[in-house]
Every structure is written in C-alpha cells, then in structure tokens.
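Visitor: This one is start_20.txt, compact mmCIF, C-alpha atoms.
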```txt
# COMPACT_ATOMS: atom_id res chain seq x y z
CA MET H 1 -16.46 -14.58 12.48
CA ARG H 2 -16.66 -14.94 8.71
CA VAL H 3 -13.71 -13.31 6.96
CA ALA H 4 -13.93 -12.50 3.24
CA ILE H 5 -10.70 -13.09 1.31
CA LEU H 6 -9.49 -13.62 -2.24
CA GLY H 7 -9.80 -17.30 -3.16
CA PRO H 8 -9.58 -20.14 -3.92
CA PRO H 9 -8.10 -21.77 -0.79
CA GLY H 10 -4.31 -21.55 -0.79
CA THR H 11 -3.88 -17.88 -1.71
CA PHE H 12 -1.56 -15.67 0.32
CA SER H 13 -4.67 -13.88 1.63
CA HIS H 14 -5.78 -17.29 2.98
CA GLN H 15 -2.35 -17.86 4.53
CA ALA H 16 -2.40 -14.37 6.09
CA CYS H 17 -5.92 -14.90 7.39
CA GLY H 18 -4.83 -18.10 9.17
CA LEU H 19 -2.00 -16.25 10.89
CA ILE H 20 -3.60 -12.87 11.55
CA LEU H 21 -7.22 -13.79 12.26
CA LYS H 22 -6.75 -17.25 13.78
CA GLY H 23 -9.83 -19.27 14.50
CA HIS H 24 -12.10 -17.34 12.18
CA THR H 25 -13.74 -18.80 9.09
CA PRO H 26 -12.36 -17.72 5.70
CA ILE H 27 -14.93 -17.25 2.94
CA PHE H 28 -13.48 -17.18 -0.57
CA PHE H 29 -14.37 -14.82 -3.42
CA GLN H 30 -13.10 -14.49 -6.98
CA ASP H 31 -12.01 -10.84 -6.98
CA PHE H 32 -11.44 -7.94 -4.62
CA GLU H 33 -14.75 -6.23 -5.41
CA GLU H 34 -16.64 -9.39 -4.47
CA VAL H 35 -14.56 -9.67 -1.30
CA LEU H 36 -15.53 -6.17 -0.17
CA GLU H 37 -19.11 -6.37 -1.41
CA SER H 38 -19.69 -9.34 0.90
CA VAL H 39 -18.97 -7.05 3.87
CA THR H 40 -21.39 -4.38 2.66
CA HIS H 41 -24.14 -7.05 2.55
CA SER H 42 -23.13 -8.42 5.97
CA GLU H 43 -22.46 -11.80 4.37
CA CYS H 44 -19.07 -11.58 6.09
CA GLN H 45 -18.21 -9.63 9.25
CA CYS H 46 -14.90 -8.40 7.87
CA ALA H 47 -12.50 -8.75 4.94
CA LEU H 48 -8.74 -9.06 4.67
CA THR H 49 -7.30 -7.46 1.53
CA PRO H 50 -3.76 -6.58 0.43
CA PHE H 51 -3.03 -2.86 0.10
CA GLU H 52 0.56 -2.88 -1.09
CA ASN H 53 3.67 -5.03 -1.34
CA SER H 54 7.30 -4.07 -0.91
CA ASN H 55 8.24 -5.40 -4.36
CA SER H 56 5.20 -4.84 -6.51
CA LEU H 57 3.95 -1.88 -4.45
CA GLY H 58 0.33 -0.90 -4.97
CA VAL H 59 -2.12 -3.74 -5.22
CA VAL H 60 -4.09 -1.44 -7.48
CA ARG H 61 -7.13 -3.67 -7.96
CA SER H 62 -7.58 -3.90 -4.21
CA GLN H 63 -7.02 -0.16 -3.70
CA MET H 64 -9.55 0.67 -6.42
CA ALA H 65 -12.09 -1.71 -4.87
CA LEU H 66 -11.80 0.14 -1.54
CA ALA H 67 -12.74 3.35 -3.35
CA VAL H 68 -15.71 1.68 -5.07
CA PHE H 69 -17.30 0.86 -1.70
CA LYS H 70 -16.43 4.16 0.00
CA SER H 71 -18.64 5.13 2.94
CA GLN H 72 -20.02 1.56 3.08
CA ILE H 73 -16.95 -0.19 4.48
CA PHE H 74 -13.90 1.02 6.38
CA VAL H 75 -10.30 -0.05 6.94
CA THR H 76 -10.04 -0.55 10.71
CA ASP H 77 -6.70 -2.30 11.18
CA LEU H 78 -3.44 -3.10 9.38
CA PHE H 79 -1.16 -6.13 9.35
CA THR H 80 2.01 -7.20 7.57
CA HIS H 81 2.69 -10.64 6.15
CA HIS H 82 5.99 -11.98 4.82
CA ILE H 83 5.30 -13.52 1.41
CA LYS H 84 7.41 -16.60 0.62
CA LEU H 85 7.08 -17.73 -2.99
CA ASN H 86 7.42 -21.32 -4.19
CA LEU H 87 7.75 -22.67 -7.71
CA PHE H 88 5.54 -25.68 -8.43
CA CYS H 89 6.21 -28.00 -11.36
CA TRP H 90 5.57 -31.67 -12.20
CA GLY H 91 8.89 -31.88 -14.03
CA GLU H 92 12.29 -31.86 -12.34
CA ASP H 93 14.17 -30.14 -15.15
CA LEU H 94 13.28 -26.46 -14.91
CA SER H 95 15.16 -25.65 -18.12
CA LYS H 96 12.27 -27.31 -19.99
CA VAL H 97 9.63 -24.97 -18.51
CA THR H 98 8.13 -22.75 -21.20
CA GLU H 99 5.33 -21.07 -19.18
CA VAL H 100 5.07 -19.79 -15.59
CA ARG H 101 1.67 -18.98 -14.09
CA SER H 102 0.70 -16.73 -11.18
CA ILE H 103 -1.14 -13.56 -10.26
CA GLU H 104 0.50 -10.64 -12.07
CA VAL H 105 2.06 -8.91 -9.03
CA VAL H 106 3.93 -12.09 -8.09
CA PHE H 107 6.01 -11.95 -11.27
CA LEU H 108 7.38 -8.66 -9.96
CA GLN H 109 8.07 -10.17 -6.55
CA ALA H 110 10.06 -13.03 -8.12
CA GLN H 111 11.52 -11.03 -10.99
CA GLN H 112 15.19 -11.49 -10.06
CA TRP H 113 14.89 -15.26 -9.66
CA LEU H 114 12.88 -15.63 -12.87
CA MET H 115 15.36 -13.55 -14.87
CA LYS H 116 18.21 -15.73 -13.64
CA ASN H 117 16.58 -19.15 -13.85
CA MET H 118 13.78 -18.93 -16.43
CA PRO H 119 14.50 -15.92 -18.61
CA LEU H 120 12.68 -17.34 -21.63
CA ALA H 121 9.57 -18.72 -19.94
CA VAL H 122 6.33 -16.90 -20.77
CA GLN H 123 4.66 -15.32 -17.70
CA LYS H 124 0.94 -16.02 -17.82
CA PRO H 125 -1.26 -14.04 -15.40
CA PHE H 126 -4.00 -15.78 -13.38
CA PRO H 127 -6.67 -14.28 -11.06
CA SER H 128 -4.83 -15.59 -7.98
CA THR H 129 -1.72 -17.58 -7.03
CA ALA H 130 -3.80 -20.53 -5.86
CA ALA H 131 -5.78 -20.63 -9.12
CA ALA H 132 -2.50 -20.64 -11.05
CA VAL H 133 -0.98 -23.51 -9.07
CA GLN H 134 -4.20 -25.53 -9.10
CA SER H 135 -4.40 -25.15 -12.89
CA LEU H 136 -1.38 -27.46 -13.10
CA THR H 137 -3.17 -30.26 -11.25
CA GLU H 138 -5.34 -31.39 -14.13
CA ILE H 139 -2.76 -30.95 -16.88
CA GLY H 140 0.26 -32.79 -15.48
CA SER H 141 2.59 -31.12 -18.00
CA THR H 142 6.31 -30.91 -17.20
CA THR H 143 6.74 -27.71 -19.23
CA LEU H 144 4.37 -25.64 -17.10
CA ALA H 145 5.18 -24.14 -13.70
CA ALA H 146 3.30 -21.92 -11.25
CA ILE H 147 4.21 -19.69 -8.31
CA GLY H 148 2.23 -19.68 -5.09
CA SER H 149 2.08 -20.44 -1.38
CA LYS H 150 3.08 -23.85 0.02
CA GLU H 151 -0.55 -24.60 0.76
CA ALA H 152 -1.74 -23.96 -2.82
CA ALA H 153 -1.75 -27.58 -4.06
CA GLU H 154 -0.21 -31.05 -3.69
CA ILE H 155 2.25 -30.57 -6.54
CA PRO H 156 6.04 -30.92 -6.22
CA ILE H 157 7.79 -27.70 -5.16
CA ARG H 158 10.97 -27.32 -7.23
CA ALA H 159 12.24 -24.05 -5.74
CA GLU H 160 11.49 -22.32 -2.43
CA ASN H 161 11.83 -18.69 -1.37
CA ILE H 162 12.22 -17.34 -4.89
CA GLN H 163 11.02 -13.87 -3.87
CA THR H 164 13.20 -10.78 -3.86
CA GLU H 165 13.61 -9.75 -0.23
CA PRO H 166 12.14 -7.94 1.57
CA ASN H 167 8.83 -9.25 0.25
CA VAL H 168 6.19 -7.99 2.64
CA THR H 169 2.53 -7.27 1.98
CA ILE H 170 0.48 -4.85 4.06
CA PHE H 171 -3.04 -6.23 4.58
CA CYS H 172 -6.09 -4.19 5.60
CA LYS H 173 -8.87 -5.45 7.83
CA VAL H 174 -12.09 -4.01 6.42
CA GLU H 175 -15.35 -3.78 8.38
CA LYS H 176 -18.82 -2.35 7.90
CA ASN H 177 -18.79 -0.25 11.06
CA PRO H 178 -16.93 3.06 10.99
CA PRO H 179 -13.72 3.25 13.03
CA ASP H 180 -13.78 3.96 16.75
CA TRP H 181 -13.33 7.73 16.74
CA ASP H 182 -12.12 7.85 20.35
CA ARG H 183 -9.25 5.49 19.64
CA ILE H 184 -7.89 6.23 16.18
CA ASP H 185 -5.00 8.53 15.30
CA HIS H 186 -4.84 7.95 11.53
CA LEU H 187 -7.43 8.35 8.78
CA LEU H 188 -7.51 6.94 5.28
CA VAL H 189 -9.29 9.30 2.88
CA GLY H 190 -10.16 8.61 -0.76
CA VAL H 191 -10.66 11.31 -3.38
CA ASP H 192 -12.47 10.30 -6.58
CA ASP H 193 -11.67 12.03 -9.89
CA PHE H 194 -8.43 13.09 -8.30
CA ALA H 195 -6.86 16.42 -9.26
CA ASP H 196 -4.09 18.47 -7.65
CA SER H 197 -6.60 21.22 -6.77
CA LYS H 198 -8.42 18.71 -4.54
CA ALA H 199 -5.16 17.79 -2.83
CA GLU H 200 -4.57 21.48 -2.09
CA LEU H 201 -8.03 21.74 -0.49
CA LEU H 202 -7.31 18.65 1.58
CA ILE H 203 -3.96 20.04 2.72
CA ALA H 204 -5.61 23.30 3.75
CA CYS H 205 -8.32 21.46 5.72
CA ALA H 206 -5.71 19.29 7.42
CA ALA H 207 -3.55 22.22 8.47
CA GLY H 208 -6.53 23.79 10.19
CA PHE H 209 -6.92 20.68 12.33
CA ASN H 210 -3.22 20.13 13.01
CA CYS H 211 -3.30 17.08 10.76
CA GLY H 212 -0.84 16.16 8.03
CA ILE H 213 -0.64 13.77 5.11
CA ALA H 214 1.66 10.88 6.01
CA SER H 215 1.53 9.16 2.60
CA ASN H 216 -0.49 9.35 -0.54
CA TRP H 217 -1.07 7.23 -3.59
CA VAL H 218 -2.63 8.18 -6.91
CA VAL H 219 -3.94 5.13 -8.72
CA SER H 220 -5.92 4.80 -11.89
CA ASP H 221 -7.57 2.31 -14.17
CA PRO H 222 -9.23 2.95 -17.54
CA VAL H 223 -12.39 4.18 -15.78
CA ARG H 224 -11.30 6.29 -12.81
CA ARG H 225 -8.45 8.06 -11.09
CA ILE H 226 -8.38 8.19 -7.31
CA GLY H 227 -6.13 9.66 -4.67
CA ILE H 228 -5.72 7.83 -1.38
CA PHE H 229 -4.40 9.85 1.56
CA GLU H 230 -3.23 8.55 4.89
CA MET H 231 -3.72 11.44 7.32
CA ARG H 232 -2.32 11.55 10.84
CA SER H 233 -2.99 13.83 13.74
CA LEU H 234 0.09 15.80 14.72
CA GLY H 235 -1.13 16.65 18.20
CA LYS H 236 -3.29 15.28 20.97
CA GLN H 237 -7.05 15.57 21.35
CA ILE H 238 -7.76 16.32 17.70
CA ASP H 239 -11.38 15.84 16.75
CA LEU H 240 -10.87 13.48 13.81
CA ARG H 241 -14.61 12.94 13.40
CA ASN H 242 -15.12 16.67 12.90
CA PHE H 243 -12.06 16.86 10.64
CA CYS H 244 -13.45 14.06 8.50
CA ALA H 245 -16.82 15.84 8.23
CA VAL H 246 -15.07 19.04 7.15
CA VAL H 247 -13.01 17.19 4.52
CA GLU H 248 -16.06 15.42 3.10
CA ASN H 249 -17.87 18.75 2.97
CA ARG H 250 -15.12 20.89 1.46
CA VAL H 251 -13.14 18.54 -0.79
CA PRO H 252 -15.22 17.37 -3.76
CA ASN H 253 -15.55 13.57 -4.00
CA ALA H 254 -13.64 13.00 -0.76
CA SER H 255 -14.78 10.23 1.55
CA LEU H 256 -13.55 8.30 4.54
CA LEU H 257 -11.98 4.93 3.68
CA GLY H 258 -10.87 4.03 7.20
CA GLY H 259 -9.21 4.86 10.47
CA TYR H 260 -6.85 3.04 12.83
CA ALA H 261 -4.67 3.53 15.88
CA ASN H 262 -1.01 3.13 16.82
CA LYS H 263 0.02 1.93 13.37
CA SER H 264 -0.04 3.25 9.85
CA ILE H 265 0.68 2.13 6.31
CA THR H 266 3.43 4.76 6.22
CA LYS H 267 5.19 3.43 9.32
CA LEU H 268 4.80 -0.21 8.31
CA ALA H 269 6.19 0.57 4.87
CA HIS H 270 9.14 2.44 6.35
CA GLU H 271 9.88 -0.44 8.73
CA LYS H 272 9.46 -3.22 6.23
CA TYR H 273 10.63 -1.80 2.92
CA CYS H 274 13.69 0.25 3.77
CA ARG H 275 16.83 -1.79 4.01
CA THR H 276 18.82 0.95 5.70
CA MET E 277 19.43 26.73 13.79
CA SER E 278 18.42 23.14 13.09
CA ASP E 279 20.02 21.10 10.32
CA PRO E 280 18.40 22.52 7.18
CA THR E 281 18.49 19.23 5.25
CA ILE E 282 16.58 16.00 5.45
CA GLU E 283 17.34 12.64 3.88
CA VAL E 284 14.92 11.02 1.51
CA LEU E 285 15.10 7.54 0.05
CA VAL E 286 14.02 7.15 -3.53
CA ILE E 287 13.25 3.53 -4.31
CA SER E 288 12.45 2.20 -7.74
CA GLN E 289 11.02 -1.29 -7.84
CA ASN E 290 9.57 -2.85 -10.94
CA GLY E 291 8.30 0.38 -12.37
CA TRP E 292 6.82 1.63 -9.08
CA TRP E 293 8.40 4.44 -7.13
CA SER E 294 8.55 5.40 -3.47
CA VAL E 295 9.99 8.56 -1.97
CA ILE E 296 10.40 8.11 1.77
CA CYS E 297 11.60 10.33 4.62
CA LYS E 298 11.95 8.21 7.73
CA ALA E 299 12.80 11.15 9.99
CA LEU E 300 9.55 12.98 9.23
CA GLU E 301 7.55 9.76 8.82
CA ILE E 302 6.20 10.82 5.46
CA SER E 303 6.27 9.32 1.98
CA GLY E 304 4.78 9.42 -1.47
CA PHE E 305 4.12 6.54 -3.82
CA GLY E 306 3.48 6.50 -7.54
CA GLU E 307 3.61 4.71 -10.84
CA SER E 308 6.43 6.94 -12.03
CA GLU E 309 9.30 8.81 -10.44
CA GLU E 310 7.54 12.10 -11.08
CA ALA E 311 4.27 10.86 -9.57
CA ALA E 312 6.04 9.60 -6.43
CA LYS E 313 7.93 12.88 -6.01
CA LEU E 314 4.70 14.85 -6.41
CA ALA E 315 3.02 12.60 -3.87
CA PHE E 316 5.93 13.10 -1.48
CA GLU E 317 5.74 16.85 -1.99
CA ARG E 318 2.07 16.78 -0.95
CA SER E 319 2.89 14.88 2.24
CA PHE E 320 5.80 17.20 2.97
CA SER E 321 3.85 20.42 2.34
CA SER E 322 0.94 19.20 4.39
CA THR E 323 3.04 18.13 7.36
CA MET E 324 5.11 21.32 7.35
CA LEU E 325 2.05 23.53 7.00
CA ALA E 326 0.23 21.78 9.84
CA ARG E 327 3.27 22.00 12.10
CA PHE E 328 3.80 25.62 11.20
CA ARG E 329 0.20 26.53 11.96
CA ALA E 330 0.25 24.56 15.20
CA SER E 331 3.40 26.27 16.40
CA PHE E 332 2.02 29.64 15.32
CA SER E 333 -1.27 29.23 17.12
CA GLN E 334 0.21 27.70 20.27
CA ALA E 335 3.29 29.84 20.78
CA MET E 336 2.44 32.83 18.59
CA GLU E 337 5.92 32.44 17.28
CA ILE E 338 6.66 32.08 13.59
CA PRO E 339 9.62 29.82 12.82
CA ALA E 340 12.31 31.49 10.79
CA GLN E 341 12.21 30.49 7.16
CA ALA E 342 15.74 29.14 7.54
CA ASP E 343 14.52 26.66 10.12
CA LEU E 344 12.30 24.92 7.62
CA PRO E 345 14.26 22.10 6.06
CA SER E 346 15.14 22.00 2.44
CA ILE E 347 15.31 18.63 0.81
CA GLN E 348 18.40 16.98 -0.42
CA GLY E 349 18.23 13.49 -1.82
CA VAL E 350 20.62 11.02 -0.24
CA MET E 351 20.41 7.44 -1.32
CA PRO E 352 22.02 4.29 -0.03
CA PRO E 353 23.96 2.26 -2.62
CA GLN E 354 21.13 -0.08 -3.56
CA MET E 355 18.91 2.79 -4.62
CA VAL E 356 18.64 3.39 -8.28
CA GLN E 357 19.24 7.07 -8.71
CA ARG E 358 20.64 10.02 -6.82
CA VAL E 359 17.95 12.62 -6.53
CA PRO E 360 18.35 16.22 -5.99
CA ILE E 361 14.70 17.02 -5.44
CA SER E 362 14.12 20.71 -5.48
CA PHE E 363 11.20 21.91 -3.43
CA GLY E 364 11.20 25.56 -4.31
CA LYS E 365 8.30 26.51 -2.08
CA VAL E 366 9.94 25.43 1.13
CA ALA E 367 13.66 25.40 0.45
CA ALA E 368 15.67 27.83 2.52
```
Mind turning this structure into structure tokens?

Guide:
Amino acid sequence: MRVAILGPPGTFSHQACGLILKGHTPIFFQDFEEVLESVTHSECQCALTPFENSNSLGVVRSQMALAVFKSQIFVTDLFTHHIKLNLFCWGEDLSKVTEVRSIEVVFLQAQQWLMKNMPLAVQKPFPSTAAAVQSLTEIGSTTLAAIGSKEAAEIPIRAENIQTEPNVTIFCKVEKNPPDWDRIDHLLVGVDDFADSKAELLIACAAGFNCGIASNWVVSDPVRRIGIFEMRSLGKQIDLRNFCAVVENRVPNASLLGGYANKSITKLAHEKYCRT
Amino acid sequence: MSDPTIEVLVISQNGWWSVICKALEISGFGESEEAAKLAFERSFSSTMLARFRASFSQAMEIPAQADLPSIQGVMPPQMVQRVPISFGKVAA
C-alpha cells in the first residue's frame, strides 16, 4: 500500500508511518494539501497526517487541508506517536549557535529547552523537520543547528530528547472510501464559514439522534474559518449514516470528514495530554 | 442527588488552550482561553442535551434541574490559571 506523508524522508510523519503502518511504502509530498490530494487522485491508497500535538496543539495546516478535501477523503483511524526531538549541529559548542531551524510547531515542543540553552538563537521555520536538518548538510556551519528526528540526516546530534513532555502527536489515517458505517461510533464533521449559529444547529441535530459533541476546534487562516466537531453516539444502535445525512442537509456548509471506532481524538488527548 | 460539580482542566500551552473534563469525556480546544471555553461549552451543552433527551424519551422522566451538574474549575498545580467557568444556562 502506498502511504502519502509529509516529506522529505526523515520527518516525524515518516517515522510514525514506519511504526504504525509497517511494511507499506511511504510516498513523500511537500505540504499537507499535496499529501491529501494524492489520495483523492488514488495516487496513494491512504495518507498519514498529524492532527494535533500535546505541546503545540492544533496542527492547523493539516486540519485546514482536511477541510479543503471534504467529502473526497475521510479520516478512518487514529494513532498516537511519541515525538522525541534531537538537536543537530556540526559544532560542539552550542553557545556559538546563532540560528535554529525546524518546522514551526517544533519550536513550541522544545520551547523550555531552547529558552534554557539557546535563548538568543533565532528560530527559523522550515517546511518540515527533515528539510531543516538536511539544510545543514551542505553548509557545514558550526553556528547553525536544526531540530528533527534521529533519522533526518547523518549530522552529529548534540542534544537528545529536548522536547517538553508529554510530547505526543495524534495522527489520522485518511482514505478515499467513506468509513464503515456498521462499525464506527465516532464522526468527524467539518463546518465551513463557521459561526455559532451553525454550532447550535449541529447540537440540535445531534440531540435528536442521541449524539453529542465530544470535542471541537475552531481554526482559521487568512482565507477561511472552519469548525471541526468530533461527535460520538451516546447510545447503541444509532444510525450514524442517517445522522450524517441530516447534519449535511440541515447545517449549512457541514460535511463529513471521517468516522472511526473504539477510539477518539478526545479520548487519546485526555489519555496522553493530562498529567493528572 | 448526584454531586452537582464536575472538574475541568484548563491547560495553556504555548498560546493554545484546552478545557478538558475527563469524567464526561468532553473537551474544547482553541487559540485563546475564551475560544477554548466556548468550544468546551458547546461540547458540554451538546452532551447534556443529548443525554437529557435520551432519558426523557426512554424513561419519560425529566431529571431535576438540580441533578444537572454545574461547572467548577479545579486545576492541578501545573495548570496556569484557576478557572471559575460560569455556565449560566446549565448551572443549578
């Protein structure tokens, strides 16, 4: 099976793919929209994308990309992956480092370590962790460092496990086929041009089907504002297919983003993020 | 009468906010404290409404208003801020 993930080789998506979807072939893309688009065109059978992280929370670009391809692709399963961050640098003396490179969310995941050890270094965002680490390969400078996975490049690692714990990312498996309606007990619903009035309509629809919102996220970029709702059935034998049809009919701009069974983003977040 | 309070965790991490109730298995997430609380309120209202309607239709018995939990923020030491979230619509 060909699995679309954020590239280049050595990203945490690549690492997660090797652990979660062993034996399948990773295919690398430059951004999350390309990752998901490859599934809509059947270039890949599924995709593995991050949804949120315990330190940086919403992986907004990935969440927005899910909404872009609504009704064409669906989240069908969820996985967690413990993210261990490493600092790569050619030089041994980290006090001489003036610039640290990585994908933007990683700076949040390593914020405590960076504040303590490199408070003055400039944080330069890159499209992925692997791209950031590999950018050091050609330069060879001892004043540049990058943060990424162990597999990112053959460059000396000067500090391991620099993440603030717990540092867990929830990954979504995304497929072209809709979820198996007979099996699922959770739905992921997206609402474009989100407004509170639409949430009220959704809540009213859900109550009629004995369904409730488990979690919701409102994310925005300069172009759009979307609400993402994880709905769960609160009783047995609830016709989620019919519920979904009613929601799509009654709530403007609502569409199914996915469905899964026996696990949920809410539960995984509660298990992985809460320290008490 | 059941305990009329529930515990919520309010977590602030790097400018992102989570409001979590483990007991009810609901949460809300947002880019600000206010957004996360609003998101939590949606989850809470939805879950309570669905449970209320289910119990009404199945048992034809309306739970007393006092049995619906009010929300009182209780945070462990590592949390950033003590929250008294007031949910006027459902508070007893």

Visitor: Which residue is closest to Ile302 (chain E)? Choose from E:Ile287, E:Phe316, E:Ser331, E:Leu325 and count all atoms listed in the file.

Guide: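 Between E:Ile287, E:Phe316, E:Ser331, E:Leu325, the residue approaching Ile302 (chain E) most closely is E:Phe316.
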
Visitor: Write out as JSON lines the residues of chain E that have any atom within 6 Å of an atom of chain H, one row each with the nearest atom pair and its distance in Å to one decimal, counting only C-alpha atoms, sorted by chain and then rising number.

Guide:
```
{"residue": "E:Ile302", "atom": "CA", "partner": "H:Ala214", "partner_atom": "CA", "distance": 4.6}
{"residue": "E:Ser303", "atom": "CA", "partner": "H:Ser215", "partner_atom": "CA", "distance": 4.8}
{"residue": "E:Gly304", "atom": "CA", "partner": "H:Ser215", "partner_atom": "CA", "distance": 5.2}
{"residue": "E:Phe305", "atom": "CA", "partner": "H:Trp217", "partner_atom": "CA", "distance": 5.2}
{"residue": "E:Ala315", "atom": "CA", "partner": "H:Asn216", "partner_atom": "CA", "distance": 5.8}
{"residue": "E:Ser319", "atom": "CA", "partner": "H:Ile213", "partner_atom": "CA", "distance": 4.7}
{"residue": "E:Ser322", "atom": "CA", "partner": "H:Gly212", "partner_atom": "CA", "distance": 5.1}
{"residue": "E:Thr323", "atom": "CA", "partner": "H:Gly212", "partner_atom": "CA", "distance": 4.4}
{"residue": "E:Leu325", "atom": "CA", "partner": "H:Ala207", "partner_atom": "CA", "distance": 5.9}
{"residue": "E:Ala326", "atom": "CA", "partner": "H:Ala207", "partner_atom": "CA", "distance": 4.0}
```

Visitor: Around all the atoms of region 287-305 of chain E listed in the file, with 3 Å of room on each side, what axis-aligned box do you get, giving centre and edge lengths in Å to one decimal, as lines of an AutoDock Vina configuration file?

Guide:
```
center_x = 8.7
center_y = 5.1
center_z = -1.2
size_x = 15.1
size_y = 21.8
size_z = 28.4
```

Visitor: Env of region 7-12 of chain H: 8 Å cut, atoms = all atoms listed in the file, seq-sep filter 3 positions within chain, self excluded. Answer as a list in words.

Guide: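 Surrounding residues, per the criterion: Gln15, Ala16, Ile27, Phe28, Phe29, Gln30, Asp31, Ile83, Ser128, Thr129, Ala130, Ala131, Gly148, Ser149, Lys150, Glu151, Ala152 and Ala153 of chain H.
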
Visitor: Of the candidates H:Leu87, H:Cys46, H:Ile238, H:Leu187, which one gets nearest to Met118 (chain H) if we count only C-alpha atoms?

Guide: H:Leu87

Visitor: Please indicate the distance in Å from CA of Thr142 (chain H) to CA of Trp90 (chain H), rounded to one decimal place.

Guide: 5.1 Å
